[in-house]
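Source file: structure-v6.pdb; contents: PDB, C-alpha atoms.
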```pdb
ATOM      1  CA  MET A   1      -8.483 -39.038   0.654
ATOM      2  CA  LYS A   2      -8.585 -42.754  -0.010
ATOM      3  CA  ILE A   3     -11.489 -43.947  -2.153
ATOM      4  CA  SER A   4     -12.153 -46.761   0.316
ATOM      5  CA  LYS A   5     -12.803 -44.061   2.944
ATOM      6  CA  LEU A   6     -15.067 -42.071   0.640
ATOM      7  CA  LEU A   7     -17.101 -45.015  -0.651
ATOM      8  CA  SER A   8     -18.976 -47.848   1.009
ATOM      9  CA  PRO A   9     -20.882 -50.765  -0.570
ATOM     10  CA  GLU A  10     -24.035 -48.601  -0.382
ATOM     11  CA  LEU A  11     -22.404 -46.094  -2.730
ATOM     12  CA  ILE A  12     -21.502 -48.681  -5.371
ATOM     13  CA  LYS A  13     -23.870 -49.917  -8.064
ATOM     14  CA  ILE A  14     -23.232 -52.953 -10.215
ATOM     15  CA  GLY A  15     -24.960 -52.722 -13.589
ATOM     16  CA  LEU A  16     -26.519 -49.590 -15.023
ATOM     17  CA  ASN A  17     -29.912 -49.065 -16.632
ATOM     18  CA  SER A  18     -28.664 -46.138 -18.733
ATOM     19  CA  TYR A  19     -27.261 -45.932 -22.235
ATOM     20  CA  SER A  20     -26.261 -42.245 -22.459
ATOM     21  CA  LYS A  21     -23.893 -39.928 -20.583
ATOM     22  CA  ASP A  22     -26.693 -37.793 -19.094
ATOM     23  CA  ALA A  23     -28.567 -40.845 -17.874
ATOM     24  CA  VAL A  24     -25.445 -42.438 -16.347
ATOM     25  CA  ILE A  25     -24.720 -39.249 -14.410
ATOM     26  CA  ARG A  26     -28.365 -39.138 -13.271
ATOM     27  CA  GLU A  27     -28.045 -42.727 -12.016
ATOM     28  CA  LEU A  28     -24.867 -41.867 -10.117
ATOM     29  CA  ILE A  29     -26.565 -38.807  -8.601
ATOM     30  CA  GLU A  30     -29.453 -41.069  -7.536
ATOM     31  CA  ILE A  31     -27.014 -43.238  -5.565
ATOM     32  CA  LEU A  32     -25.931 -40.164  -3.595
ATOM     33  CA  GLU A  33     -29.545 -39.085  -3.167
ATOM     34  CA  GLN A  34     -30.567 -42.502  -1.832
ATOM     35  CA  ASN A  35     -27.783 -42.195   0.749
ATOM     36  CA  ASN A  36     -28.981 -38.720   1.813
ATOM     37  CA  LEU A  37     -25.769 -37.050   0.670
ATOM     38  CA  LEU A  38     -27.331 -34.333  -1.495
ATOM     39  CA  ASN A  39     -29.207 -31.173  -0.591
ATOM     40  CA  ASN A  40     -30.160 -30.495  -4.172
ATOM     41  CA  PRO A  41     -29.842 -33.296  -6.782
ATOM     42  CA  ASP A  42     -30.585 -31.021  -9.764
ATOM     43  CA  GLU A  43     -27.868 -28.585  -8.752
ATOM     44  CA  ALA A  44     -25.410 -31.466  -8.330
ATOM     45  CA  PHE A  45     -26.330 -32.820 -11.778
ATOM     46  CA  SER A  46     -25.843 -29.364 -13.364
ATOM     47  CA  ALA A  47     -22.400 -28.966 -11.761
ATOM     48  CA  VAL A  48     -21.222 -32.303 -13.147
ATOM     49  CA  MET A  49     -22.705 -31.666 -16.594
ATOM     50  CA  GLU A  50     -21.147 -28.207 -16.709
ATOM     51  CA  ARG A  51     -17.742 -29.847 -16.387
ATOM     52  CA  GLU A  52     -18.632 -32.460 -19.015
ATOM     53  CA  LEU A  53     -19.435 -29.679 -21.492
ATOM     54  CA  LYS A  54     -15.859 -28.390 -21.272
ATOM     55  CA  GLN A  55     -14.406 -31.819 -22.033
ATOM     56  CA  SER A  56     -15.646 -35.328 -21.412
ATOM     57  CA  THR A  57     -14.348 -36.979 -18.265
ATOM     58  CA  GLY A  58     -14.563 -40.269 -20.136
ATOM     59  CA  LEU A  59     -10.870 -41.036 -20.170
ATOM     60  CA  GLU A  60      -9.114 -43.926 -21.838
ATOM     61  CA  ALA A  61      -9.306 -47.653 -21.241
ATOM     62  CA  GLY A  62     -12.880 -47.786 -19.973
ATOM     63  CA  VAL A  63     -12.864 -45.299 -17.100
ATOM     64  CA  ALA A  64     -14.876 -42.123 -16.545
ATOM     65  CA  VAL A  65     -14.415 -39.699 -13.660
ATOM     66  CA  PRO A  66     -17.319 -37.225 -13.769
ATOM     67  CA  HIS A  67     -16.826 -34.578 -11.092
ATOM     68  CA  GLY A  68     -17.785 -31.081 -10.071
ATOM     69  CA  LYS A  69     -18.007 -28.449  -7.363
ATOM     70  CA  SER A  70     -21.420 -27.676  -5.943
ATOM     71  CA  ASN A  71     -23.207 -26.304  -2.906
ATOM     72  CA  ALA A  72     -25.515 -29.296  -3.228
ATOM     73  CA  VAL A  73     -23.169 -31.186  -0.893
ATOM     74  CA  ASP A  74     -21.837 -30.361   2.576
ATOM     75  CA  GLU A  75     -18.657 -32.362   2.145
ATOM     76  CA  LEU A  76     -16.848 -34.345  -0.525
ATOM     77  CA  VAL A  77     -19.044 -37.253  -1.650
ATOM     78  CA  GLY A  78     -18.588 -40.025  -4.182
ATOM     79  CA  ALA A  79     -20.298 -42.917  -5.901
ATOM     80  CA  LEU A  80     -19.157 -45.672  -8.224
ATOM     81  CA  ALA A  81     -21.088 -47.468 -10.936
ATOM     82  CA  ILE A  82     -19.788 -50.465 -12.843
ATOM     83  CA  SER A  83     -21.007 -51.694 -16.191
ATOM     84  CA  ASN A  84     -19.630 -54.987 -17.422
ATOM     85  CA  GLU A  85     -20.992 -54.345 -20.940
ATOM     86  CA  GLY A  86     -19.669 -50.773 -21.158
ATOM     87  CA  ILE A  87     -21.494 -47.542 -22.068
ATOM     88  CA  ASP A  88     -20.663 -44.816 -24.580
ATOM     89  CA  PHE A  89     -19.496 -41.856 -22.485
ATOM     90  CA  ASP A  90     -17.886 -39.809 -25.258
ATOM     91  CA  SER A  91     -14.526 -41.012 -23.979
ATOM     92  CA  LEU A  92     -11.182 -39.703 -25.241
ATOM     93  CA  ASP A  93     -10.310 -43.005 -26.931
ATOM     94  CA  GLY A  94     -13.826 -43.509 -28.285
ATOM     95  CA  LYS A  95     -14.232 -46.788 -26.407
ATOM     96  CA  PRO A  96     -17.093 -47.682 -24.033
ATOM     97  CA  CYS A  97     -16.634 -46.948 -20.314
ATOM     98  CA  HIS A  98     -17.016 -49.611 -17.638
ATOM     99  CA  LEU A  99     -16.107 -47.734 -14.447
ATOM    100  CA  PHE A 100     -17.765 -44.483 -13.460
ATOM    101  CA  PHE A 101     -16.334 -42.675 -10.435
ATOM    102  CA  LEU A 102     -18.492 -39.667  -9.504
ATOM    103  CA  LEU A 103     -17.099 -37.038  -7.130
ATOM    104  CA  ILE A 104     -18.842 -33.879  -5.968
ATOM    105  CA  ALA A 105     -17.230 -31.451  -3.535
ATOM    106  CA  PRO A 106     -18.421 -28.204  -1.978
ATOM    107  CA  PRO A 107     -16.664 -25.107  -3.371
ATOM    108  CA  HIS A 108     -14.270 -24.757  -0.434
ATOM    109  CA  SER A 109     -13.017 -28.323  -0.277
ATOM    110  CA  ALA A 110     -10.375 -28.306  -2.988
ATOM    111  CA  GLY A 111      -7.726 -30.179  -0.984
ATOM    112  CA  GLN A 112      -9.867 -33.249  -0.339
ATOM    113  CA  HIS A 113     -11.276 -33.179  -3.856
ATOM    114  CA  VAL A 114      -7.807 -33.109  -5.426
ATOM    115  CA  SER A 115      -6.583 -35.823  -3.077
ATOM    116  CA  ALA A 116      -9.504 -38.134  -3.935
ATOM    117  CA  LEU A 117      -9.079 -37.562  -7.684
ATOM    118  CA  SER A 118      -5.386 -38.319  -7.303
ATOM    119  CA  ASN A 119      -6.197 -41.613  -5.584
ATOM    120  CA  ILE A 120      -8.623 -42.516  -8.397
ATOM    121  CA  ALA A 121      -5.845 -41.733 -10.902
ATOM    122  CA  ALA A 122      -3.546 -44.141  -9.059
ATOM    123  CA  LEU A 123      -6.208 -46.876  -8.924
ATOM    124  CA  ILE A 124      -7.046 -46.759 -12.610
ATOM    125  CA  LEU A 125      -3.406 -47.155 -13.581
ATOM    126  CA  ASN A 126      -3.565 -50.570 -11.914
ATOM    127  CA  LYS A 127      -4.650 -52.953 -14.708
ATOM    128  CA  ARG A 128      -5.262 -55.863 -12.345
ATOM    129  CA  PHE A 129      -7.542 -53.669 -10.216
ATOM    130  CA  LYS A 130      -9.556 -52.615 -13.271
ATOM    131  CA  ARG A 131      -9.921 -56.147 -14.574
ATOM    132  CA  ARG A 132     -11.087 -57.424 -11.184
ATOM    133  CA  ILE A 133     -13.512 -54.634 -10.337
ATOM    134  CA  ILE A 134     -15.260 -54.727 -13.712
ATOM    135  CA  GLU A 135     -16.036 -58.379 -13.002
ATOM    136  CA  ALA A 136     -17.275 -57.771  -9.443
ATOM    137  CA  SER A 137     -20.737 -59.230  -8.952
ATOM    138  CA  THR A 138     -21.743 -57.375  -5.770
ATOM    139  CA  PRO A 139     -21.075 -53.896  -4.296
ATOM    140  CA  GLU A 140     -19.416 -55.582  -1.304
ATOM    141  CA  GLU A 141     -17.010 -57.422  -3.584
ATOM    142  CA  ALA A 142     -16.223 -54.226  -5.533
ATOM    143  CA  TYR A 143     -15.599 -52.344  -2.295
ATOM    144  CA  ALA A 144     -13.253 -55.082  -1.053
ATOM    145  CA  ILE A 145     -11.308 -54.880  -4.322
ATOM    146  CA  ILE A 146     -10.879 -51.091  -3.921
ATOM    147  CA  ARG A 147      -9.775 -51.474  -0.322
ATOM    148  CA  GLN A 148      -7.310 -54.180  -1.207
ATOM    149  CA  ALA A 149      -5.873 -52.213  -4.161
ATOM    150  CA  GLU A 150      -5.410 -49.069  -2.055
ATOM    151  CA  ASN A 151      -3.754 -50.895   0.799
ATOM    152  CA  GLU A 152      -1.696 -53.501  -0.979
ATOM    153  CA  ASP A 153       2.000 -53.397  -0.288
ATOM    154  CA  ILE A 154       4.473 -52.389  -2.932
TER     155      ILE A 154
ATOM    156  CA  MET B   1      21.335 -29.993  11.878
ATOM    157  CA  SER B   2      22.229 -30.010  15.584
ATOM    158  CA  PHE B   3      19.643 -30.836  18.229
ATOM    159  CA  LYS B   4      18.834 -27.936  20.537
ATOM    160  CA  LEU B   5      17.549 -28.452  24.056
ATOM    161  CA  ARG B   6      15.575 -25.238  23.768
ATOM    162  CA  PRO B   7      14.261 -24.665  20.230
ATOM    163  CA  GLU B   8      14.683 -21.076  19.046
ATOM    164  CA  LYS B   9      12.797 -21.360  15.782
ATOM    165  CA  ILE B  10       9.601 -23.402  15.538
ATOM    166  CA  MET B  11       7.683 -24.170  12.364
ATOM    167  CA  VAL B  12       4.106 -25.406  12.224
ATOM    168  CA  TYR B  13       3.096 -27.273   9.070
ATOM    169  CA  VAL B  14      -0.404 -26.197   8.084
ATOM    170  CA  GLU B  15      -2.866 -28.141   5.916
ATOM    171  CA  ALA B  16      -6.512 -27.279   5.351
ATOM    172  CA  THR B  17      -7.535 -29.488   8.271
ATOM    173  CA  GLU B  18      -8.670 -29.177  11.870
ATOM    174  CA  LYS B  19      -5.636 -31.267  12.857
ATOM    175  CA  SER B  20      -3.378 -28.449  11.650
ATOM    176  CA  ILE B  21      -5.240 -25.920  13.749
ATOM    177  CA  ILE B  22      -4.773 -28.113  16.820
ATOM    178  CA  ALA B  23      -1.046 -28.270  15.982
ATOM    179  CA  ALA B  24      -1.043 -24.473  15.646
ATOM    180  CA  TYR B  25      -2.560 -24.053  19.152
ATOM    181  CA  TYR B  26       0.308 -26.076  20.565
ATOM    182  CA  ALA B  27       2.918 -24.296  18.419
ATOM    183  CA  VAL B  28       1.782 -20.901  19.714
ATOM    184  CA  CYS B  29       1.939 -22.145  23.330
ATOM    185  CA  LEU B  30       5.410 -23.591  22.844
ATOM    186  CA  ALA B  31       6.698 -20.434  21.110
ATOM    187  CA  LYS B  32       5.436 -18.391  24.059
ATOM    188  CA  TRP B  33       6.872 -20.676  26.762
ATOM    189  CA  LEU B  34      10.256 -20.977  25.041
ATOM    190  CA  ASN B  35      10.378 -17.431  23.717
ATOM    191  CA  ALA B  36      10.977 -18.939  20.291
ATOM    192  CA  SER B  37      10.155 -17.421  16.909
ATOM    193  CA  LEU B  38       7.345 -19.034  14.928
ATOM    194  CA  ILE B  39       6.832 -19.886  11.251
ATOM    195  CA  ALA B  40       3.701 -21.303   9.626
ATOM    196  CA  ALA B  41       3.945 -22.997   6.222
ATOM    197  CA  TYR B  42       1.265 -24.242   3.818
ATOM    198  CA  VAL B  43       1.988 -25.863   0.462
ATOM    199  CA  VAL B  44      -0.221 -25.687  -2.630
ATOM    200  CA  ASP B  45       0.211 -29.192  -4.034
ATOM    201  CA  ILE B  46       1.136 -28.268  -7.603
ATOM    202  CA  LYS B  47       2.629 -31.678  -8.328
ATOM    203  CA  THR B  48      -0.694 -33.469  -7.805
ATOM    204  CA  LEU B  49      -2.577 -30.872  -9.871
ATOM    205  CA  LYS B  50      -0.156 -31.335 -12.766
ATOM    206  CA  ASN B  51      -0.426 -35.115 -12.472
ATOM    207  CA  LEU B  52      -4.229 -34.874 -12.710
ATOM    208  CA  THR B  53      -3.926 -32.841 -15.915
ATOM    209  CA  LYS B  54      -1.404 -35.320 -17.270
ATOM    210  CA  ALA B  55      -3.861 -38.144 -16.454
ATOM    211  CA  LYS B  56      -6.529 -36.109 -18.366
ATOM    212  CA  ILE B  57      -8.801 -36.030 -15.314
ATOM    213  CA  PHE B  58      -8.311 -32.243 -15.248
ATOM    214  CA  ILE B  59      -8.304 -29.866 -18.161
ATOM    215  CA  GLU B  60      -5.823 -26.981 -17.985
ATOM    216  CA  LEU B  61      -8.442 -24.411 -17.014
ATOM    217  CA  GLU B  62      -9.552 -26.676 -14.197
ATOM    218  CA  GLU B  63      -5.965 -27.100 -12.990
ATOM    219  CA  MET B  64      -5.694 -23.306 -12.731
ATOM    220  CA  ASP B  65      -9.053 -23.087 -11.007
ATOM    221  CA  TYR B  66      -8.098 -25.694  -8.379
ATOM    222  CA  GLU B  67      -4.681 -24.102  -7.902
ATOM    223  CA  HIS B  68      -6.488 -20.869  -7.111
ATOM    224  CA  ASP B  69      -8.848 -22.683  -4.697
ATOM    225  CA  LEU B  70      -5.938 -24.376  -2.906
ATOM    226  CA  GLU B  71      -4.116 -21.064  -2.668
ATOM    227  CA  GLU B  72      -7.191 -19.440  -1.151
ATOM    228  CA  ASP B  73      -7.490 -22.334   1.338
ATOM    229  CA  GLY B  74      -3.838 -21.809   2.229
ATOM    230  CA  LYS B  75      -4.300 -18.077   2.770
ATOM    231  CA  ARG B  76      -7.386 -18.668   4.892
ATOM    232  CA  TYR B  77      -5.703 -21.252   7.114
ATOM    233  CA  LEU B  78      -2.451 -19.285   7.414
ATOM    234  CA  ASN B  79      -4.410 -16.145   8.338
ATOM    235  CA  HIS B  80      -6.275 -18.116  10.975
ATOM    236  CA  VAL B  81      -2.990 -19.401  12.431
ATOM    237  CA  LYS B  82      -1.634 -15.832  12.386
ATOM    238  CA  GLU B  83      -4.701 -14.691  14.326
ATOM    239  CA  LEU B  84      -4.042 -17.408  16.912
ATOM    240  CA  ALA B  85      -0.471 -16.137  17.294
ATOM    241  CA  ASP B  86      -1.473 -12.455  17.281
ATOM    242  CA  ASN B  87      -4.017 -13.076  20.051
ATOM    243  CA  LYS B  88      -1.162 -14.203  22.300
ATOM    244  CA  ASN B  89       1.296 -11.523  21.126
ATOM    245  CA  ILE B  90       3.501 -14.014  19.328
ATOM    246  CA  GLY B  91       5.184 -12.879  16.122
ATOM    247  CA  ILE B  92       4.685 -15.249  13.220
ATOM    248  CA  GLU B  93       6.024 -15.480   9.674
ATOM    249  CA  LYS B  94       3.717 -17.054   7.061
ATOM    250  CA  PHE B  95       4.922 -19.057   4.070
ATOM    251  CA  LEU B  96       2.505 -19.886   1.253
ATOM    252  CA  LEU B  97       4.517 -22.298  -0.870
ATOM    253  CA  LYS B  98       3.846 -24.103  -4.138
ATOM    254  CA  GLY B  99       5.254 -27.391  -5.395
ATOM    255  CA  GLU B 100       5.756 -30.914  -4.113
ATOM    256  CA  VAL B 101       4.506 -30.830  -0.547
ATOM    257  CA  PHE B 102       7.146 -32.681   1.446
ATOM    258  CA  LYS B 103      10.057 -31.192  -0.515
ATOM    259  CA  GLU B 104       8.775 -27.640  -0.026
ATOM    260  CA  VAL B 105       8.255 -28.178   3.698
ATOM    261  CA  LEU B 106      11.681 -29.713   4.209
ATOM    262  CA  ASN B 107      13.388 -26.987   2.136
ATOM    263  CA  THR B 108      11.696 -24.344   4.261
ATOM    264  CA  VAL B 109      12.872 -26.100   7.422
ATOM    265  CA  LYS B 110      16.451 -26.081   6.123
ATOM    266  CA  GLU B 111      16.477 -22.586   4.643
ATOM    267  CA  ASN B 112      15.084 -21.030   7.804
ATOM    268  CA  ASP B 113      17.172 -23.020  10.295
ATOM    269  CA  VAL B 114      14.045 -24.364  11.947
ATOM    270  CA  ASP B 115      14.911 -26.477  14.962
ATOM    271  CA  LEU B 116      11.483 -27.905  15.786
ATOM    272  CA  LEU B 117       8.742 -28.871  13.324
ATOM    273  CA  ILE B 118       5.205 -29.190  14.687
ATOM    274  CA  MET B 119       2.455 -30.958  12.780
ATOM    275  CA  GLY B 120      -1.026 -32.366  13.307
ATOM    276  CA  GLU B 121      -1.807 -36.002  13.981
ATOM    277  CA  LEU B 122      -0.953 -38.371  11.148
ATOM    278  CA  GLU B 123      -3.379 -40.773   9.475
ATOM    279  CA  GLU B 124      -3.050 -44.371  10.600
ATOM    280  CA  PRO B 125      -0.980 -46.038   7.867
ATOM    281  CA  GLU B 126      -2.714 -49.084   6.371
ATOM    282  CA  SER B 127       0.110 -50.356   4.199
ATOM    283  CA  ARG B 128       3.744 -49.839   3.328
ATOM    284  CA  ARG B 129       2.485 -47.799   0.374
ATOM    285  CA  ASP B 130       1.193 -45.196   2.855
ATOM    286  CA  PHE B 131       4.659 -44.899   4.362
ATOM    287  CA  TYR B 132       6.220 -44.255   0.975
ATOM    288  CA  TYR B 133       3.681 -41.950  -0.662
ATOM    289  CA  ASN B 134       1.754 -40.092   2.043
ATOM    290  CA  GLU B 135       3.123 -36.534   2.102
ATOM    291  CA  THR B 136       2.695 -36.012   5.844
ATOM    292  CA  GLU B 137       4.407 -39.342   6.527
ATOM    293  CA  LEU B 138       7.296 -38.230   4.315
ATOM    294  CA  ILE B 139       7.582 -34.909   6.145
ATOM    295  CA  PHE B 140       7.525 -36.694   9.483
ATOM    296  CA  ARG B 141      10.157 -39.270   8.525
ATOM    297  CA  LYS B 142      12.496 -37.122   6.438
ATOM    298  CA  SER B 143      12.536 -33.916   8.474
ATOM    299  CA  PRO B 144      16.095 -32.798   9.253
ATOM    300  CA  CYS B 145      14.990 -31.439  12.645
ATOM    301  CA  PRO B 146      12.987 -32.975  15.517
ATOM    302  CA  VAL B 147       9.255 -33.295  14.842
ATOM    303  CA  LEU B 148       6.489 -32.912  17.378
ATOM    304  CA  VAL B 149       3.129 -34.474  16.435
ATOM    305  CA  VAL B 150       0.182 -32.978  18.302
ATOM    306  CA  LYS B 151      -2.521 -35.486  19.200
ATOM    307  CA  GLU B 152      -6.077 -34.675  18.236
ATOM    308  CA  ASP B 153      -7.783 -33.890  21.526
ATOM    309  CA  ASN B 154      -8.828 -30.807  23.447
ATOM    310  CA  SER B 155      -5.695 -30.345  25.528
ATOM    311  CA  ALA B 156      -3.816 -28.138  23.025
ATOM    312  CA  LYS B 157      -6.834 -25.818  22.730
ATOM    313  CA  THR B 158      -7.218 -25.722  26.524
ATOM    314  CA  MET B 159      -3.521 -24.867  26.938
ATOM    315  CA  TYR B 160      -3.867 -22.150  24.325
ATOM    316  CA  ASP B 161      -6.967 -20.698  26.005
ATOM    317  CA  ASN B 162      -5.155 -20.621  29.350
ATOM    318  CA  LEU B 163      -1.972 -19.066  27.944
TER     319      LEU B 163
END
```
Would you encode the structure as structure tokens?
Amino acid sequence: MKISKLLSPELIKIGLNSYSKDAVIRELIEILEQNNLLNNPDEAFSAVMERELKQSTGLEAGVAVPHGKSNAVDELVGALAISNEGIDFDSLDGKPCHLFFLLIAPPHSAGQHVSALSNIAALILNKRFKRRIIEASTPEEAYAIIRQAENEDI
Amino acid sequence: MSFKLRPEKIMVYVEATEKSIIAAYYAVCLAKWLNASLIAAYVVDIKTLKNLTKAKIFIELEEMDYEHDLEEDGKRYLNHVKELADNKNIGIEKFLLKGEVFKEVLNTVKENDVDLLIMGELEEPESRRDFYYNETELIFRKSPCPVLVVKEDNSAKTMYDNL
């Protein structure tokens, strides 16, 4: 599933108020909650944190992909937060994270979940995409950058 | 592979989607009308799982967990397609495959001498990238036998119900 089909400007937040991993994930969960995509925000938070305890989803080069499976959602949902300054997310390279892609899928939705994660993996390999989206000043601009990156010709 | 006016072996490509079920309705109808044998194939996308672990988005345990989930999805969908065939007294062979999706599907077509591949409606491509990397697009374009794409509406289900 393309990220531009999963997200919309309403599911993108520019600038975060948090300075810790827990708080960033809470903020991402709040985006889903505000868009009425969660049945149970606490359960969704626990599912994502459970995965974080196994190994941080803070990857390298400023990207984090917190994700989990939970009955708190009826279908695959996602949110994106962008921090120009960067936040410590216990990432694998020890550097601050700027892009936070949150994905939560119901237990029996593995295909879509894997497909969406795969599309995030492709996006974050694109250095130009990363540089542009970190500098986006509005959710609409960030969304347009995702859409363009996913649909650009090769 | 030679083109046959009356296909004798039909394969329906099954994904965990409603589109695949619609394709399966039509495949069962066609197998009945043509007295053809029917195969259903689902592929656990191992390549993507391994790529996610390589990209460090998955940990190994998670890769195994998702592989199991995808396999269960495959079994559930293949069993549902088998039920559809059984209800109309059509014999069906199920293939639960693992690997790179389009390669596994095309190998199964070749190895089983399939002469018609049926699949659900394709996503609207938005770029040339979609043509090159979308697995269902690749199956559609590279299949060695004719491909029939079933449109997503109620007519296949209605035909099946009236069979």
Listing only residues of region 33-151 of chain A within 12 Å of region 131-143 of chain B, what is the closest atom pair and its distance in Å (to one decimal) for each, using all atoms listed in the file, sorted by chain and residue number ascending, as CSV?
```
residue,atom,partner,partner_atom,distance
A:Ser115,CA,B:Asn134,CA,10.7
A:Ser118,CA,B:Tyr133,CA,11.8
A:Asn119,CA,B:Tyr133,CA,11.0
A:Ala122,CA,B:Tyr133,CA,11.3
A:Glu150,CA,B:Tyr133,CA,11.6
A:Asn151,CA,B:Phe131,CA,10.9
```
May I ask you to extract the residues of chain A within 8 Å of chain B, using only C-alpha atoms, and to give them as number ranges by chain?
A: 55, 57, 59, 65, 108, 110-111, 114-115, 117-118, 121, 151-154
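Counting from CA of Arg6 (chain B), the distance to CA of Lys157 (chain B) is 22.4 Å.
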Rounded to one decimal in Å, what is the spacing between CA of Leu78 (chain B) and CA of Ser37 (chain B)?
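Answer for the CA of Leu78 (chain B) to CA of Ser37 (chain B) separation: 15.9 Å.
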The residue from A:Gln112, A:Thr138, A:Ser83, A:Asn39 with the smallest atom-to-atom distance to Glu10 (chain A), counting all atoms listed in the file, is A:Thr138
Apply the PyMOL selection byres ((chain B and resi 150-155) around 12) to the displayed file and report the matching residues as an MDAnalysis selection string.
chainID B and resid 12:13 17:27 29:30 117:123 147:149 156:162
Would you kindly return, as an mmCIF file with C-alpha atoms, keeping the file's coordinate frame, each protein, DNA or RNA residue with an atom no farther than 10 Å from any atom of Lys130 (chain A), considering all atoms listed in the file and excluding same-chain residues fewer than 4 positions away?
```cif
data_model
loop_
_atom_site.group_PDB
_atom_site.id
_atom_site.type_symbol
_atom_site.label_atom_id
_atom_site.label_comp_id
_atom_site.auth_asym_id
_atom_site.auth_seq_id
_atom_site.Cartn_x
_atom_site.Cartn_y
_atom_site.Cartn_z
ATOM 1 C CA ALA A 61 -9.306 -47.653 -21.241
ATOM 2 C CA GLY A 62 -12.880 -47.786 -19.973
ATOM 3 C CA VAL A 63 -12.864 -45.299 -17.100
ATOM 4 C CA HIS A 98 -17.016 -49.611 -17.638
ATOM 5 C CA LEU A 99 -16.107 -47.734 -14.447
ATOM 6 C CA LEU A 123 -6.208 -46.876 -8.924
ATOM 7 C CA ILE A 124 -7.046 -46.759 -12.610
ATOM 8 C CA LEU A 125 -3.406 -47.155 -13.581
ATOM 9 C CA ASN A 126 -3.565 -50.570 -11.914
ATOM 10 C CA ILE A 134 -15.260 -54.727 -13.712
ATOM 11 C CA GLU A 135 -16.036 -58.379 -13.002
ATOM 12 C CA ILE A 145 -11.308 -54.880 -4.322
ATOM 13 C CA ILE A 146 -10.879 -51.091 -3.921
ATOM 14 C CA ALA A 149 -5.873 -52.213 -4.161
#
```
Could you name the residues that touch Asn107 (chain B) at 12 Å or less, counting all atoms listed in the file, but leaving out those on the same chain fewer than 4 positions away, as a list in words?
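Contacts, in chain order: Ala41, Val43, Phe95, Leu97, Lys98, Gly99, Glu100, Val101, Phe102, Lys103, Glu111, Asn112, Asp113, Val114, Ile139, Lys142, Ser143, Pro144 and Cys145 of chain B.
Nearest residue to Leu38 (chain B), choosing from B:Glu93, B:Glu104, B:Glu124, B:Asp115 and counting only C-alpha atoms: B:Glu93.
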Quick one: apply the PyMOL selection byres ((chain B and resi 88) around 10) to the file and drop the selected residues here as a ChimeraX atom specification.
/B:28-29,32,83-87,89-91,160-161,163
Rounded to one decimal, what separation in Å do you get between CA of Lys21 (chain A) and CA of Met1 (chain A)?
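Pair CA of Lys21 (chain A) / CA of Met1 (chain A) returns 26.3 Å.
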Just give me the residues with any atom within 12 Å of (-19.3, -45.2, -10.3), file coordinates, counting all atoms listed in the file, written as a PyMOL selection string.
chain A and resi 3+7-16+24-32+58+62-67+77-83+97-103+120+133-134+139+142-143
So that all listed atoms of region 120-127 of chain B fit with 8 Å spare on each side, what axis-aligned box centre and edge lengths in Å, to one decimal, would you give as lines of an AutoDock Vina configuration file?
```
center_x = -1.6
center_y = -41.4
center_z = 9.1
size_x = 19.5
size_y = 34.0
size_z = 25.8
```
From the set A:Leu37, A:Ser137, A:Ser109, A:Glu60, which residue has the shortest atom-to-atom contact distance to Leu92 (chain A), counting only C-alpha atoms?
A:Glu60
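Closest approach to Ala105 (chain A) among A:Asn71, A:Ser91, A:Asn17, A:Asn84: A:Asn71, based on all atoms listed in the file.
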Long-range neighbours of Ser70 (chain A) as a PyMOL selection string, 7 Å cut-off, all atoms listed in the file, 3 positions minimum in chain
chain A and resi 44+47+73+104-107
